[in-house]
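Participant: Got a structure here, written out as structure tokens. Questions coming.
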Amino acid sequence: MSKTAETLELEKLLFRFEGGKLGKFACFEVTFGKRDPCQKGTSERVDFVTYENQGNTFRCYEIKVSKSDFMSAAKKTFSGDFNYFVMPRELWDKLNAENNELLRSYLFSGVGVIIPTVRQDRLEVVRKPKRKNIALHEKFHMMESMMKSMSRYVKVT
């Protein structure tokens, strides 16, 4: 499925906001869980993941660009120490104005929200996430999954 222009713009802002910092590693579309289709079990794909050396911290980001995208039955994977929705300001305002129950449940469970600034040149955190305690063995699995997903960026000559 191809991505919308709005999704690509949010990805670009997100990478500028979170990627490319010293001691921080970032990757789009990281698959957690079973990767082998022959094995039983589930796999989940996170839109964007960062790992910080300082504090051994994973952050997971789900990008949503429309209300139908937000309300869809598609899995919203929040496996990190800190988890965020990244959405356009208009969607955030709309969901807030209608007191959306699904959004409220995610906010109550500690998911943060990031939106573009008014000038659309940066991102701002409008709702801070709560830290989840992730077991060490899960972090090892997350690191392995992130490295496997990052391998698609390597060019073999």
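Identifiers in this document derive from the order of the structure tokens: chains are assigned A, B, ..., residues are numbered from 1 separately in each chain, and ligands are numbered from 1 in order of occurrence.
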Based on the backbone DSSP call, show me all residues of region 93-152 of chain A assigned strand (DSSP E), as a list in words.
Facilitator: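 Selection result, strand (DSSP E) within region 93-152 of chain A: Gly112, Val113, Ile114, Ile115, Pro116, Leu123, Glu124, Val125, Val126 and Arg127 of chain A.
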Participant: For Leu95 (chain A), find every residue with an atom within 12 Å (counting only C-alpha atoms), except residues of its own chain fewer than 5 positions away, and show them as a list in words.
Facilitator: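 Those residues are Lys64, Val65, Ser66, Lys67, Ser68, Phe70, Met71, Met87, Pro88, Arg89, Glu90, Asn100, Glu101, Leu102, Leu103, Arg104, Leu107 and Val113 of chain A.
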Participant: Between CA of His141 (chain A) and CA of Lys76 (chain A), what is the distance, to one decimal in Å?
Facilitator: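 Between these atoms lies a distance of 18.5 Å.
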Participant: Considering only C-alpha atoms, can you say which of A:Asn53, A:Thr31, A:Asn96, A:Thr7 comes closest to Ser149 (chain A)?
Facilitator: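 Nearest candidate to Ser149 (chain A) out of A:Asn53, A:Thr31, A:Asn96, A:Thr7: A:Thr31.
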Participant: Identify, on the basis of only C-alpha atoms, every residue whose closest approach to Phe25 (chain A) does not exceed 10 Å; exclude the query and any residue fewer than 2 positions from it along the same chain; express the result as an MDAnalysis selection string.
Facilitator: chainID A and resid 18:23 27 49:53 58 146:147 150
Participant: Save the residues we just selected, N, CA and C atoms, as a short mmCIF file (atom, residue, chain, number, x, y, z; two decimals), in the first residue's frame?
Facilitator:
data_model
loop_
_atom_site.label_atom_id
_atom_site.label_comp_id
_atom_site.auth_asym_id
_atom_site.auth_seq_id
_atom_site.Cartn_x
_atom_site.Cartn_y
_atom_site.Cartn_z
N GLU A 18 13.40 13.29 15.67
CA GLU A 18 13.92 12.23 16.53
C GLU A 18 15.15 11.50 16.00
N GLY A 19 15.33 11.44 14.70
CA GLY A 19 16.43 10.66 14.14
C GLY A 19 17.70 11.48 14.03
N GLY A 20 18.80 10.80 13.83
CA GLY A 20 20.06 11.47 13.54
C GLY A 20 20.72 12.18 14.70
N LYS A 21 20.33 11.87 15.92
CA LYS A 21 20.98 12.47 17.08
C LYS A 21 22.04 11.51 17.60
N LEU A 22 23.08 12.04 18.20
CA LEU A 22 24.16 11.23 18.72
C LEU A 22 23.65 10.27 19.78
N GLY A 23 23.94 8.99 19.62
CA GLY A 23 23.52 7.99 20.59
C GLY A 23 22.08 7.55 20.45
N CYS A 27 14.47 3.90 13.06
CA CYS A 27 14.11 3.05 11.93
C CYS A 27 12.60 3.11 11.70
N VAL A 49 10.50 3.61 15.19
CA VAL A 49 11.06 3.24 16.49
C VAL A 49 12.40 3.93 16.66
N THR A 50 12.66 4.44 17.87
CA THR A 50 13.99 4.95 18.19
C THR A 50 14.52 4.21 19.40
N TYR A 51 15.84 4.09 19.44
CA TYR A 51 16.53 3.50 20.59
C TYR A 51 17.60 4.48 21.02
N GLU A 52 17.64 4.78 22.32
CA GLU A 52 18.64 5.69 22.87
C GLU A 52 19.59 4.90 23.75
N ASN A 53 20.91 5.06 23.49
CA ASN A 53 21.91 4.40 24.34
C ASN A 53 21.77 4.86 25.78
N PHE A 58 13.57 2.68 24.48
CA PHE A 58 12.89 2.53 23.19
C PHE A 58 11.68 3.45 23.17
N MET A 146 14.78 -4.41 15.51
CA MET A 146 15.15 -3.12 14.93
C MET A 146 16.35 -3.28 13.99
N MET A 147 17.33 -4.09 14.39
CA MET A 147 18.50 -4.31 13.53
C MET A 147 18.11 -5.01 12.24
N MET A 150 16.48 -2.47 10.07
CA MET A 150 17.44 -1.49 9.57
C MET A 150 18.28 -2.06 8.43
#
Participant: Could you check which of A:Glu124, A:Asp69, A:Glu98, A:Glu144 is closest to Leu14 (chain A), using only C-alpha atoms?
Facilitator: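 Of all the options, A:Glu124 lies closest to Leu14 (chain A).
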Participant: Kindly indicate which residue among A:Lys132, A:Ser43, A:Ala97, A:Arg152 lies nearest to Asn83 (chain A), using only C-alpha atoms for the distances.
Facilitator: A:Lys132
Participant: Calculated over only C-alpha atoms, which of the candidates A:Ala135, A:Leu91, A:Leu10, A:Met142 has the smallest distance to Cys60 (chain A)?
Facilitator: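 Using only C-alpha atoms, Cys60 (chain A) sits closest to A:Met142.
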Participant: Looking only at alpha helix (DSSP H) from DSSP on the backbone, list the matching residues of chain A as number ranges by chain.
Facilitator: A: 5-18, 67-71, 89-97, 101-108, 136-150
Participant: Just give me the gap between CA of Glu6 (chain A) and CA of Ile115 (chain A) in Å, one decimal is fine.
Facilitator: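 We find that CA of Glu6 (chain A) and CA of Ile115 (chain A) lie 12.3 Å from each other.
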Participant: For Phe82 (chain A), list every protein, DNA or RNA residue within 8 Å, evaluated using only C-alpha atoms, and leave out those in the same chain fewer than 6 positions away; present the list as a ChimeraX atom specification.
Facilitator: /A:57-60,111-112,129-132
Participant: I need the residue nearest Thr117 (chain A) from this list: A:Leu8, A:Val30, A:Val86, A:Val46. Use only C-alpha atoms for the distance.
Facilitator: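 Comparing A:Leu8, A:Val30, A:Val86, A:Val46 against Thr117 (chain A), the winner is A:Val86.
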Participant: Measuring between only C-alpha atoms, which one of A:Asn99, A:Asp47, A:Trp92, A:Pro116 shows the shortest distance to Lys75 (chain A)?
Facilitator: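 Checking each candidate against Lys75 (chain A), we get A:Asp47 as the closest.
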